[in-house]
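Here is the file protein21.cif (mmCIF, C-alpha atoms and all ligand atoms).
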```cif
data_work
#
loop_
_atom_site.label_atom_id
_atom_site.label_comp_id
_atom_site.auth_asym_id
_atom_site.auth_seq_id
_atom_site.Cartn_x
_atom_site.Cartn_y
_atom_site.Cartn_z
CA MET S 1261 0.00 0.00 0.00
CA LYS S 1262 1.26 3.43 -0.88
CA GLY S 1263 1.60 5.44 2.32
CA TYR S 1264 2.26 9.06 3.12
CA LYS S 1265 6.02 9.07 3.71
CA ILE S 1266 7.39 11.94 5.70
CA LYS S 1267 10.94 12.61 6.78
CA THR S 1268 11.42 14.75 9.85
CA LEU S 1269 14.32 17.11 10.44
CA THR S 1270 15.64 14.81 13.15
CA GLN S 1271 15.53 11.75 10.89
CA PHE S 1272 17.21 13.70 8.11
CA ILE S 1273 20.00 15.00 10.34
CA ILE S 1274 20.78 11.51 11.62
CA GLU S 1275 20.75 10.13 8.08
CA ARG S 1276 23.10 12.88 6.90
CA GLN S 1277 25.49 12.38 9.79
CA ALA S 1278 27.03 9.60 7.76
CA ASP S 1279 28.10 12.24 5.20
CA PHE S 1280 30.71 13.52 7.61
CA PRO S 1281 33.70 11.31 8.15
CA PHE S 1282 34.33 10.55 11.83
CA ALA S 1283 31.06 12.24 12.76
CA THR S 1284 30.29 11.61 16.39
CA GLY S 1285 26.78 12.97 16.52
CA GLU S 1286 27.81 16.13 18.41
CA PHE S 1287 26.92 18.35 15.50
CA SER S 1288 23.65 16.53 14.89
CA ARG S 1289 22.66 17.09 18.51
CA LEU S 1290 23.36 20.79 18.15
CA LEU S 1291 21.23 21.12 15.01
CA TYR S 1292 18.49 19.16 16.69
CA GLN S 1293 18.42 21.69 19.55
CA VAL S 1294 18.10 24.53 17.04
CA GLY S 1295 15.02 22.81 15.62
CA VAL S 1296 13.52 22.51 19.11
CA ALA S 1297 14.11 26.20 19.89
CA ALA S 1298 12.61 27.13 16.52
CA LYS S 1299 9.40 25.34 17.43
CA VAL S 1300 9.17 27.15 20.75
CA ILE S 1301 9.80 30.54 19.11
CA ASN S 1302 7.29 29.75 16.38
CA LYS S 1303 4.60 29.10 18.95
CA LYS S 1304 5.22 32.47 20.56
CA VAL S 1305 5.41 34.32 17.23
CA ASN S 1306 2.06 32.86 16.18
CA LYS S 1307 0.49 34.03 19.41
CA ALA S 1308 2.01 37.50 19.18
CA GLY S 1309 -1.31 39.16 18.43
CA LEU S 1310 -3.17 37.30 21.17
CA VAL S 1311 -1.22 37.92 24.29
CA ASP S 1312 0.60 40.83 25.72
CA ILE S 1313 3.93 40.25 24.06
CA LEU S 1314 3.74 42.88 21.38
CA GLY S 1315 5.67 46.10 21.68
CA GLU S 1316 8.95 47.19 23.11
CA ALA S 1317 10.72 45.29 25.86
CA GLY S 1318 12.01 48.57 27.14
CA GLU S 1319 15.65 47.84 26.41
CA VAL S 1320 17.85 49.14 23.64
CA ASN S 1321 20.10 46.58 21.91
CA VAL S 1322 23.75 47.12 21.03
CA GLN S 1323 22.82 48.54 17.64
CA GLY S 1324 20.92 51.31 19.44
CA GLU S 1325 17.58 49.85 18.38
CA GLU S 1326 14.69 49.22 20.71
CA GLN S 1327 14.21 45.52 21.38
CA LYS S 1328 10.80 44.02 20.95
CA LYS S 1329 9.72 41.54 23.57
CA LEU S 1330 9.82 38.69 21.09
CA ASP S 1331 13.47 39.45 20.29
CA VAL S 1332 14.31 38.99 23.92
CA PHE S 1333 12.31 35.79 24.10
CA ALA S 1334 13.87 34.29 20.96
CA ASN S 1335 17.36 35.22 22.12
CA TYR S 1336 16.79 33.56 25.49
CA GLN S 1337 15.23 30.38 24.04
CA LEU S 1338 18.07 29.81 21.61
CA ILE S 1339 20.76 30.45 24.20
CA GLN S 1340 19.12 27.98 26.60
CA ALA S 1341 18.74 25.34 23.88
CA LEU S 1342 22.38 25.71 22.86
CA LYS S 1343 23.56 25.59 26.43
CA SER S 1344 21.63 22.41 27.10
CA SER S 1345 22.99 20.75 23.95
CA GLY S 1346 26.36 20.47 25.68
CA GLU S 1347 28.02 20.76 22.26
CA CYS S 1348 28.29 24.53 22.11
CA CYS S 1349 30.85 26.52 24.08
CA GLY S 1350 29.66 30.01 23.18
CA VAL S 1351 27.19 32.22 21.37
CA ALA S 1352 27.35 35.59 19.64
CA SER S 1353 24.00 37.24 19.17
CA GLU S 1354 22.95 40.39 17.43
CA GLU S 1355 21.10 41.25 20.61
CA ASP S 1356 24.12 41.06 22.92
CA GLN S 1357 27.10 43.38 23.01
CA GLU S 1358 29.64 40.68 23.95
CA ILE S 1359 30.04 36.99 23.27
CA ILE S 1360 28.35 34.65 25.72
CA THR S 1361 30.55 31.80 26.90
CA PHE S 1362 29.24 28.65 28.56
CA ASP S 1363 31.28 27.76 31.54
CA ASN S 1364 30.66 24.37 33.08
CA ASP S 1365 32.99 21.45 32.30
CA LEU S 1366 30.71 19.84 29.74
CA GLU S 1367 30.03 23.12 27.92
CA ARG S 1368 33.66 24.24 27.84
CA ASP S 1369 34.37 20.96 26.10
CA GLY S 1370 31.86 21.83 23.33
CA ASN S 1371 33.42 21.91 19.88
CA TYR S 1372 31.14 24.51 18.29
CA ILE S 1373 30.27 28.16 18.49
CA PHE S 1374 27.00 29.63 17.33
CA CYS S 1375 26.24 33.06 15.80
CA MET S 1376 22.70 34.32 15.40
CA ASP S 1377 20.21 37.02 14.75
CA PRO S 1378 17.51 35.49 16.93
CA LEU S 1379 14.64 37.46 15.40
CA ASP S 1380 15.43 39.43 12.30
CA GLY S 1381 13.01 41.95 10.87
CA SER S 1382 11.42 42.50 14.25
CA SER S 1383 10.03 45.88 13.26
CA ASN S 1384 7.58 43.81 11.23
CA ILE S 1385 6.11 41.93 14.20
CA ASP S 1386 3.44 44.48 14.97
CA VAL S 1387 2.08 44.35 11.43
CA ASN S 1388 1.96 40.58 11.02
CA VAL S 1389 4.70 40.37 8.40
CA SER S 1390 7.10 37.41 8.16
CA ILE S 1391 10.16 37.48 10.37
CA GLY S 1392 13.03 35.07 10.78
CA THR S 1393 15.86 33.58 12.83
CA ILE S 1394 19.28 33.44 11.14
CA PHE S 1395 22.13 31.27 12.42
CA SER S 1396 25.55 29.94 11.64
CA ILE S 1397 27.82 27.39 13.27
CA TYR S 1398 31.62 27.27 13.32
CA ARG S 1399 34.12 24.89 14.81
CA ARG S 1400 35.98 26.66 17.62
CA ILE S 1401 39.65 27.48 17.12
CA SER S 1402 40.50 27.79 20.80
CA PRO S 1403 41.30 24.50 22.57
CA ARG S 1404 38.44 22.36 23.82
CA GLY S 1405 38.10 22.44 27.57
CA GLU S 1406 38.82 26.15 27.76
CA LYS S 1407 36.45 29.10 27.64
CA ALA S 1408 35.56 30.25 24.12
CA VAL S 1409 37.30 33.47 23.06
CA LEU S 1410 36.43 36.32 20.70
CA GLU S 1411 38.70 34.92 17.94
CA ASP S 1412 36.44 31.86 17.74
CA PHE S 1413 33.72 34.17 16.46
CA LEU S 1414 35.80 36.29 14.10
CA GLN S 1415 36.30 33.58 11.47
CA GLU S 1416 35.69 34.06 7.75
CA GLY S 1417 32.35 32.83 6.46
CA THR S 1418 34.16 30.15 4.46
CA LYS S 1419 34.78 28.42 7.81
CA GLN S 1420 31.09 27.97 8.56
CA ILE S 1421 30.17 24.35 8.95
CA ALA S 1422 26.45 25.03 8.89
CA ALA S 1423 24.08 27.93 8.42
CA GLY S 1424 20.39 28.42 8.08
CA TYR S 1425 17.28 30.34 8.88
CA ILE S 1426 13.80 29.80 10.17
CA ILE S 1427 11.08 31.81 8.50
CA TYR S 1428 7.92 32.42 10.48
CA GLY S 1429 5.54 33.04 7.60
CA SER S 1430 2.29 31.70 6.15
CA SER S 1431 3.94 28.46 7.13
CA THR S 1432 7.07 28.08 9.21
CA MET S 1433 10.12 26.69 7.51
CA LEU S 1434 13.65 25.81 8.53
CA VAL S 1435 16.22 25.97 5.73
CA TYR S 1436 19.82 24.92 6.28
CA THR S 1437 23.06 23.86 4.69
CA THR S 1438 26.12 22.04 5.94
CA GLY S 1439 27.97 22.71 2.71
CA ARG S 1440 26.36 19.84 0.83
CA GLY S 1441 23.31 21.48 -0.64
CA VAL S 1442 20.40 23.40 0.83
CA PHE S 1443 17.43 21.66 2.42
CA GLY S 1444 14.08 23.07 3.50
CA PHE S 1445 11.71 21.69 6.13
CA THR S 1446 8.16 22.86 6.70
CA LEU S 1447 6.67 22.73 10.15
CA ASP S 1448 3.65 20.45 10.28
CA SER S 1449 1.95 21.82 13.36
CA SER S 1450 -0.40 18.82 13.61
CA ILE S 1451 2.55 16.59 14.54
CA GLY S 1452 4.89 19.33 15.78
CA GLU S 1453 7.71 18.33 13.42
CA PHE S 1454 9.72 20.01 10.69
CA CYS S 1455 9.23 17.77 7.64
CA LEU S 1456 11.46 17.68 4.58
CA SER S 1457 9.68 19.67 1.88
CA HIS S 1458 12.47 21.18 -0.27
CA MET S 1459 15.23 18.76 -1.24
CA GLY S 1460 18.45 20.21 -2.69
CA ILE S 1461 17.26 23.77 -3.31
CA GLN S 1462 18.86 25.43 -6.35
CA THR S 1463 18.23 29.05 -7.18
CA PRO S 1464 17.75 30.09 -10.83
CA GLU S 1465 20.84 31.69 -12.44
CA ASN S 1466 18.64 34.48 -13.74
CA GLY S 1467 15.70 35.93 -11.91
CA ALA S 1468 13.18 38.65 -12.53
CA ILE S 1469 12.82 40.16 -9.03
CA TYR S 1470 14.87 42.93 -7.49
CA SER S 1471 14.62 43.74 -3.78
CA ILE S 1472 16.01 46.97 -2.43
CA ASN S 1473 14.79 49.82 -0.23
CA GLU S 1474 14.29 52.19 -3.13
CA GLY S 1475 13.31 55.03 -0.82
CA ASN S 1476 17.02 55.47 -0.20
CA ILE S 1477 17.92 55.69 -3.88
CA GLY S 1478 19.25 59.23 -3.56
CA LYS S 1479 21.94 57.94 -1.16
CA PHE S 1480 23.05 54.86 -3.16
CA PRO S 1481 26.33 54.55 -5.07
CA ASP S 1482 26.01 55.41 -8.77
CA GLY S 1483 26.46 51.79 -9.85
CA VAL S 1484 23.44 50.73 -7.77
CA LYS S 1485 21.34 53.60 -9.11
CA LYS S 1486 22.23 52.57 -12.65
CA TYR S 1487 21.43 48.93 -11.91
CA ILE S 1488 17.98 49.94 -10.63
CA GLY S 1489 17.49 51.82 -13.89
CA TYR S 1490 18.53 48.65 -15.75
CA CYS S 1491 15.98 46.58 -13.78
CA GLN S 1492 13.24 49.01 -14.82
CA GLU S 1493 14.05 49.09 -18.55
CA THR S 1494 11.97 47.05 -20.97
CA ASP S 1495 13.71 44.16 -22.70
CA LYS S 1496 11.74 41.04 -23.57
CA GLU S 1497 14.78 38.82 -23.93
CA THR S 1498 15.96 39.38 -20.37
CA ASN S 1499 12.47 39.48 -18.87
CA ARG S 1500 12.72 43.16 -17.99
CA PRO S 1501 11.34 45.20 -16.42
CA TYR S 1502 11.89 43.06 -13.32
CA SER S 1503 9.36 43.07 -10.50
CA GLY S 1504 10.30 45.14 -7.48
CA ARG S 1505 9.58 43.21 -4.25
CA TYR S 1506 10.77 44.42 -0.86
CA ILE S 1507 9.32 43.21 2.42
CA GLY S 1508 11.99 44.75 4.64
CA SER S 1509 12.52 41.41 6.35
CA LEU S 1510 15.76 39.87 5.11
CA VAL S 1511 14.78 36.23 5.62
CA ALA S 1512 11.48 36.68 3.81
CA ASP S 1513 13.01 38.67 0.95
CA PHE S 1514 15.86 36.19 0.57
CA HIS S 1515 13.65 33.11 0.84
CA ARG S 1516 11.35 34.31 -1.94
CA ASN S 1517 14.26 35.21 -4.20
CA LEU S 1518 16.02 31.91 -3.46
CA LEU S 1519 13.05 29.93 -4.68
CA LYS S 1520 11.97 32.18 -7.55
CA GLY S 1521 15.25 33.76 -8.66
CA GLY S 1522 16.08 37.36 -7.87
CA ILE S 1523 18.47 39.74 -6.23
CA PHE S 1524 18.53 41.41 -2.81
CA ILE S 1525 20.64 44.52 -2.33
CA TYR S 1526 21.37 46.47 0.85
CA PRO S 1527 24.09 48.86 -0.29
CA GLN S 1528 26.22 51.36 1.49
CA THR S 1529 24.79 54.87 1.60
CA ALA S 1530 26.36 58.25 2.16
CA SER S 1531 25.26 58.16 5.81
CA ALA S 1532 25.98 54.42 6.37
CA PRO S 1533 29.19 53.63 4.46
CA ASN S 1534 29.03 49.95 5.47
CA GLY S 1535 25.34 49.46 4.86
CA LYS S 1536 23.05 48.15 7.58
CA LEU S 1537 23.34 44.39 7.69
CA ARG S 1538 25.76 42.54 9.95
CA LEU S 1539 28.44 40.34 8.48
CA ILE S 1540 28.46 37.68 11.18
CA TYR S 1541 24.79 37.38 12.05
CA GLU S 1542 23.06 38.06 8.74
CA CYS S 1543 25.32 38.19 5.68
CA ASN S 1544 27.61 35.18 6.21
CA PRO S 1545 24.88 32.62 6.84
CA ILE S 1546 22.72 33.94 3.99
CA ALA S 1547 25.76 34.04 1.68
CA PHE S 1548 26.64 30.42 2.53
CA LEU S 1549 23.09 29.31 1.71
CA ALA S 1550 23.05 31.36 -1.50
CA GLU S 1551 26.31 29.85 -2.76
CA GLN S 1552 25.20 26.35 -1.84
CA ALA S 1553 22.08 26.93 -3.93
CA GLY S 1554 24.16 28.07 -6.92
CA GLY S 1555 23.82 31.80 -6.22
CA LYS S 1556 26.33 34.44 -5.27
CA ALA S 1557 26.96 37.01 -2.50
CA THR S 1558 29.29 39.99 -2.54
CA ASN S 1559 29.82 43.38 -0.93
CA GLY S 1560 30.39 44.79 -4.41
CA THR S 1561 34.08 44.01 -4.61
CA GLU S 1562 34.70 40.96 -2.39
CA ARG S 1563 33.04 37.62 -1.87
CA ILE S 1564 31.15 37.95 1.43
CA LEU S 1565 32.43 34.61 2.73
CA GLU S 1566 36.08 35.68 2.36
CA ILE S 1567 35.83 38.87 4.39
CA LYS S 1568 37.79 38.51 7.63
CA PRO S 1569 35.60 39.98 10.39
CA HIS S 1570 37.36 42.50 12.62
CA SER S 1571 34.53 43.00 15.07
CA LEU S 1572 31.46 41.18 16.23
CA HIS S 1573 28.83 43.64 15.06
CA GLN S 1574 30.55 44.68 11.84
CA ARG S 1575 28.27 45.76 8.97
CA VAL S 1576 28.83 45.24 5.25
CA PRO S 1577 27.09 46.23 2.01
CA PHE S 1578 25.23 43.13 0.86
CA ILE S 1579 24.30 41.95 -2.62
CA VAL S 1580 22.96 38.40 -2.83
CA GLY S 1581 20.93 36.22 -5.13
CA SER S 1582 20.87 34.74 -8.62
CA LYS S 1583 24.41 34.52 -9.96
CA ASN S 1584 24.01 36.40 -13.22
CA MET S 1585 22.10 39.21 -11.52
CA VAL S 1586 24.82 39.65 -8.88
CA ASP S 1587 27.45 39.65 -11.64
CA LYS S 1588 25.52 42.40 -13.39
CA VAL S 1589 25.43 44.63 -10.29
CA GLU S 1590 29.16 44.12 -9.83
CA SER S 1591 29.84 45.21 -13.38
CA PHE S 1592 27.73 48.34 -12.86
CA LEU S 1593 29.61 49.07 -9.65
CA ASN S 1594 33.12 48.31 -10.83
CA ASN S 1595 33.24 48.76 -14.59
CA GLY S 1596 30.80 51.64 -14.72
CA GLU S 1597 28.64 49.65 -17.15
CA GLU S 1598 26.14 51.97 -18.82
P1 LIG Y 1 16.98 44.12 12.27
O1 LIG Y 1 18.09 43.13 12.47
O2 LIG Y 1 17.07 45.28 13.21
O3 LIG Y 1 15.63 43.46 12.27
O4 LIG Y 1 17.21 44.80 10.83
C1 LIG Y 1 17.47 44.00 9.74
C2 LIG Y 1 16.37 44.19 8.74
C3 LIG Y 1 16.43 43.15 7.64
O5 LIG Y 1 15.58 42.08 7.92
C4 LIG Y 1 15.96 43.91 6.44
O6 LIG Y 1 16.52 43.38 5.26
C5 LIG Y 1 16.45 45.30 6.70
O7 LIG Y 1 16.56 45.42 8.10
C6 LIG Y 1 15.51 46.35 6.23
O8 LIG Y 1 16.03 47.60 6.48
P2 LIG Y 1 15.36 48.93 5.93
O9 LIG Y 1 14.11 49.12 6.71
O10 LIG Y 1 16.38 49.99 6.16
O11 LIG Y 1 15.08 48.73 4.46
MG MG Y 2 18.76 41.57 11.99
#
```

What would the structure in this file look like if it were written as structure tokens?
Ligand code: AHM
Ligand code: MG
Amino acid sequence: MKGYKIKTLTQFIIERQADFPFATGEFSRLLYQVGVAAKVINKKVNKAGLVDILGEAGEVNVQGEEQKKLDVFANYQLIQALKSSGECCGVASEEDQEIITFDNDLERDGNYIFCMDPLDGSSNIDVNVSIGTIFSIYRRISPRGEKAVLEDFLQEGTKQIAAGYIIYGSSTMLVYTTGRGVFGFTLDSSIGEFCLSHMGIQTPENGAIYSINEGNIGKFPDGVKKYIGYCQETDKETNRPYSGRYIGSLVADFHRNLLKGGIFIYPQTASAPNGKLRLIYECNPIAFLAEQAGGKATNGTERILEIKPHSLHQRVPFIVGSKNMVDKVESFLNNGEE
């Protein structure tokens, strides 16, 4: 009899463990904990309109932005889940000024560090727009058994051993890579499990969507202004004009473009010469996923994953998406293409 065959995130992680030589299961346990925290956060996000958790938490985060209560909740849930995994020796979060190190014997022995934006796009919570959690995992460089140090967190994105996001949208999805393709899991709330729904995601080389906060156009570099003009021109052969789509929630904008083909740009501006998005928490994990799906990510001149971070909360201009579209922006920026 033909049955309905589902594969849960946990089953998939265990199955994939065999892909890694000498895998001990430590990393699988860590990913599993991320999935558990995601379910807890999802529950709270879905209830945001019902209970008194909307609005400001009254604190200002290290970026000088007011924290919403859900940011605080998501941050706390993930940190607790990572701590209890016993595999993680420290966390860097967009919501915390300094790294958080876990200090008991078991935790200090953890082989991994975790970087995250626990709830990205949180200004969208009050208006019921999709938000997301972004994460990446590195192997520590400091010796096991000791406290994690800042250098563990300042590694190039090429050193990531896993990255992903959870999108809390019309359905909740967890999308991740360990450097062997990109896999998407959709939360089936009736059984409380993330189930494999998107196997080996590949993004189209050409897309027809551009995503950028066009309100800032006056402050963009000339190359970006010209590229926007290019997107708006009519040319049947290249599917132009492209559609402009901008949610203002990185995970949601990226997720749509990943599946449909498109480009997301958050450039530098005259007032913010490094753009807005953070290298460690937002750009590196998204860049890793993009490349694994056949796309590309750059700051305009350098591959995002090769930038050596000099500080935890460093920002970079960010251009990510379908490969040929990213190439085109680069040629507008660097060769002054007309
Ligand atoms: P946040 O980390 O404070 O939520 O800000 C990041 C968000 C991204 O999700 C989104 O791409 C960007 O900010 C939108 O910024 P803007 O409103 O300037 O277009
Ligand atoms: Mg963010």

Legend entry - For S:Val1580: contacts at 8 Å, all atoms listed in the file, fewer than 4 positions along chain excluded, given as number ranges by chain: S: 1523-1525, 1547, 1550, 1555-1558, 1586

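Between S:Val1511 and the candidates S:Thr1361, S:Thr1463, S:Thr1393, S:Ser1582, the tightest atom-to-atom separation, counting all atoms listed in the file, involves S:Thr1393.
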
Inset, instruction - Using only C-alpha atoms, pick whichever of S:Val1389, S:Leu1549, S:Ile1274, S:Leu1290 has the shortest atom-to-atom distance to S:Ile1427. - result: S:Val1389

Legend entry - d(atom CA of S:Gln1574, atom CA of S:Leu1539) in Å: 5.9 Å

Inset, instruction - Throw together the list of residues within 10 Å of ligand MG 2 (chain Y), counting all atoms listed in the file, and drop it here as a ChimeraX atom specification. - result: /S:1323,1353-1355,1376-1383,1391-1394,1509-1511,1536-1538,1541-1543

Kindly save the residues from that selection, with C-alpha atoms included, as a CSV table (one decimal), in the frame of the given file.
```csv
chain,number,residue,atom,x,y,z
S,1323,GLN,CA,22.8,48.5,17.6
S,1353,SER,CA,24.0,37.2,19.2
S,1354,GLU,CA,23.0,40.4,17.4
S,1355,GLU,CA,21.1,41.2,20.6
S,1376,MET,CA,22.7,34.3,15.4
S,1377,ASP,CA,20.2,37.0,14.8
S,1378,PRO,CA,17.5,35.5,16.9
S,1379,LEU,CA,14.6,37.5,15.4
S,1380,ASP,CA,15.4,39.4,12.3
S,1381,GLY,CA,13.0,42.0,10.9
S,1382,SER,CA,11.4,42.5,14.2
S,1383,SER,CA,10.0,45.9,13.3
S,1391,ILE,CA,10.2,37.5,10.4
S,1392,GLY,CA,13.0,35.1,10.8
S,1393,THR,CA,15.9,33.6,12.8
S,1394,ILE,CA,19.3,33.4,11.1
S,1509,SER,CA,12.5,41.4,6.4
S,1510,LEU,CA,15.8,39.9,5.1
S,1511,VAL,CA,14.8,36.2,5.6
S,1536,LYS,CA,23.0,48.2,7.6
S,1537,LEU,CA,23.3,44.4,7.7
S,1538,ARG,CA,25.8,42.5,10.0
S,1541,TYR,CA,24.8,37.4,12.0
S,1542,GLU,CA,23.1,38.1,8.7
S,1543,CYS,CA,25.3,38.2,5.7
```

Inset, instruction - Go through S:Pro1464, S:Gly1417, S:Gly1581, S:Pro1481 and flag the residue nearest S:Asn1534, using all atoms listed in the file for the distances. - result: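 Checking each candidate against S:Asn1534, we get S:Pro1481 as the closest.
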
Within-12 Å shell of (10.3, 9.0, 10.5) in input frame, all atoms listed in the file, as a compact mmCIF listing (two decimals) with C-alpha atoms, in the coordinates of the input:
```txt
# COMPACT_ATOMS: atom_id res chain seq x y z
CA TYR S 1264 2.26 9.06 3.12
CA LYS S 1265 6.02 9.07 3.71
CA ILE S 1266 7.39 11.94 5.70
CA LYS S 1267 10.94 12.61 6.78
CA THR S 1268 11.42 14.75 9.85
CA LEU S 1269 14.32 17.11 10.44
CA THR S 1270 15.64 14.81 13.15
CA GLN S 1271 15.53 11.75 10.89
CA PHE S 1272 17.21 13.70 8.11
CA ILE S 1273 20.00 15.00 10.34
CA ILE S 1274 20.78 11.51 11.62
CA GLU S 1275 20.75 10.13 8.08
CA ILE S 1451 2.55 16.59 14.54
CA GLU S 1453 7.71 18.33 13.42
CA PHE S 1454 9.72 20.01 10.69
CA CYS S 1455 9.23 17.77 7.64
CA LEU S 1456 11.46 17.68 4.58
```

Inset, instruction - Fewer than 4 positions away in the same chain doesn't count, so skip those; otherwise give me all residues within 8 Å of S:Cys1375, counting only C-alpha atoms, as JSON, numbers by chain. - result: {"S": [1351, 1352, 1353, 1395, 1396, 1397, 1413, 1540, 1541]}

Will you model all heavy atoms for stretch 1435-1442 of chain S and pass it back as an mmCIF file, in the frame of the given file?
```cif
data_model
loop_
_atom_site.group_PDB
_atom_site.id
_atom_site.type_symbol
_atom_site.label_atom_id
_atom_site.label_comp_id
_atom_site.auth_asym_id
_atom_site.auth_seq_id
_atom_site.Cartn_x
_atom_site.Cartn_y
_atom_site.Cartn_z
ATOM 1 N N VAL S 1435 15.403 26.235 6.919
ATOM 2 C CA VAL S 1435 16.220 25.970 5.730
ATOM 3 C C VAL S 1435 17.672 25.961 6.177
ATOM 4 O O VAL S 1435 18.095 26.880 6.892
ATOM 5 C CB VAL S 1435 15.995 27.074 4.659
ATOM 6 C CG1 VAL S 1435 16.896 26.855 3.451
ATOM 7 C CG2 VAL S 1435 14.532 27.124 4.232
ATOM 8 N N TYR S 1436 18.432 24.914 5.832
ATOM 9 C CA TYR S 1436 19.820 24.920 6.280
ATOM 10 C C TYR S 1436 20.752 24.244 5.284
ATOM 11 O O TYR S 1436 20.328 23.535 4.372
ATOM 12 C CB TYR S 1436 19.952 24.278 7.677
ATOM 13 C CG TYR S 1436 20.057 22.770 7.687
ATOM 14 C CD1 TYR S 1436 21.307 22.142 7.719
ATOM 15 C CD2 TYR S 1436 18.938 21.962 7.674
ATOM 16 C CE1 TYR S 1436 21.423 20.751 7.745
ATOM 17 C CE2 TYR S 1436 19.045 20.572 7.697
ATOM 18 C CZ TYR S 1436 20.293 19.984 7.727
ATOM 19 O OH TYR S 1436 20.393 18.621 7.735
ATOM 20 N N THR S 1437 22.036 24.539 5.484
ATOM 21 C CA THR S 1437 23.060 23.860 4.690
ATOM 22 C C THR S 1437 24.213 23.467 5.612
ATOM 23 O O THR S 1437 24.480 24.145 6.608
ATOM 24 C CB THR S 1437 23.607 24.768 3.569
ATOM 25 O OG1 THR S 1437 24.558 24.013 2.803
ATOM 26 C CG2 THR S 1437 24.290 26.027 4.098
ATOM 27 N N THR S 1438 24.858 22.381 5.265
ATOM 28 C CA THR S 1438 26.120 22.040 5.940
ATOM 29 C C THR S 1438 27.222 22.011 4.893
ATOM 30 O O THR S 1438 28.256 21.384 5.085
ATOM 31 C CB THR S 1438 26.042 20.671 6.654
ATOM 32 O OG1 THR S 1438 25.648 19.701 5.680
ATOM 33 C CG2 THR S 1438 25.066 20.677 7.801
ATOM 34 N N GLY S 1439 26.967 22.671 3.763
ATOM 35 C CA GLY S 1439 27.970 22.710 2.710
ATOM 36 C C GLY S 1439 27.779 21.595 1.689
ATOM 37 O O GLY S 1439 28.624 21.372 0.840
ATOM 38 N N ARG S 1440 26.677 20.889 1.804
ATOM 39 C CA ARG S 1440 26.360 19.840 0.830
ATOM 40 C C ARG S 1440 24.934 20.008 0.347
ATOM 41 O O ARG S 1440 24.104 19.116 0.468
ATOM 42 C CB ARG S 1440 26.533 18.462 1.466
ATOM 43 C CG ARG S 1440 27.988 18.142 1.692
ATOM 44 C CD ARG S 1440 28.175 16.972 2.624
ATOM 45 N NE ARG S 1440 29.581 16.861 2.944
ATOM 46 C CZ ARG S 1440 30.319 15.792 2.697
ATOM 47 N NH1 ARG S 1440 29.777 14.723 2.170
ATOM 48 N NH2 ARG S 1440 31.592 15.776 3.031
ATOM 49 N N GLY S 1441 24.653 21.204 -0.137
ATOM 50 C CA GLY S 1441 23.310 21.480 -0.640
ATOM 51 C C GLY S 1441 22.456 22.171 0.405
ATOM 52 O O GLY S 1441 22.843 22.292 1.579
ATOM 53 N N VAL S 1442 21.301 22.635 -0.039
ATOM 54 C CA VAL S 1442 20.400 23.400 0.830
ATOM 55 C C VAL S 1442 19.089 22.613 0.954
ATOM 56 O O VAL S 1442 18.526 22.172 -0.055
ATOM 57 C CB VAL S 1442 20.126 24.795 0.221
ATOM 58 C CG1 VAL S 1442 19.153 25.576 1.091
ATOM 59 C CG2 VAL S 1442 21.426 25.564 0.038
#
```
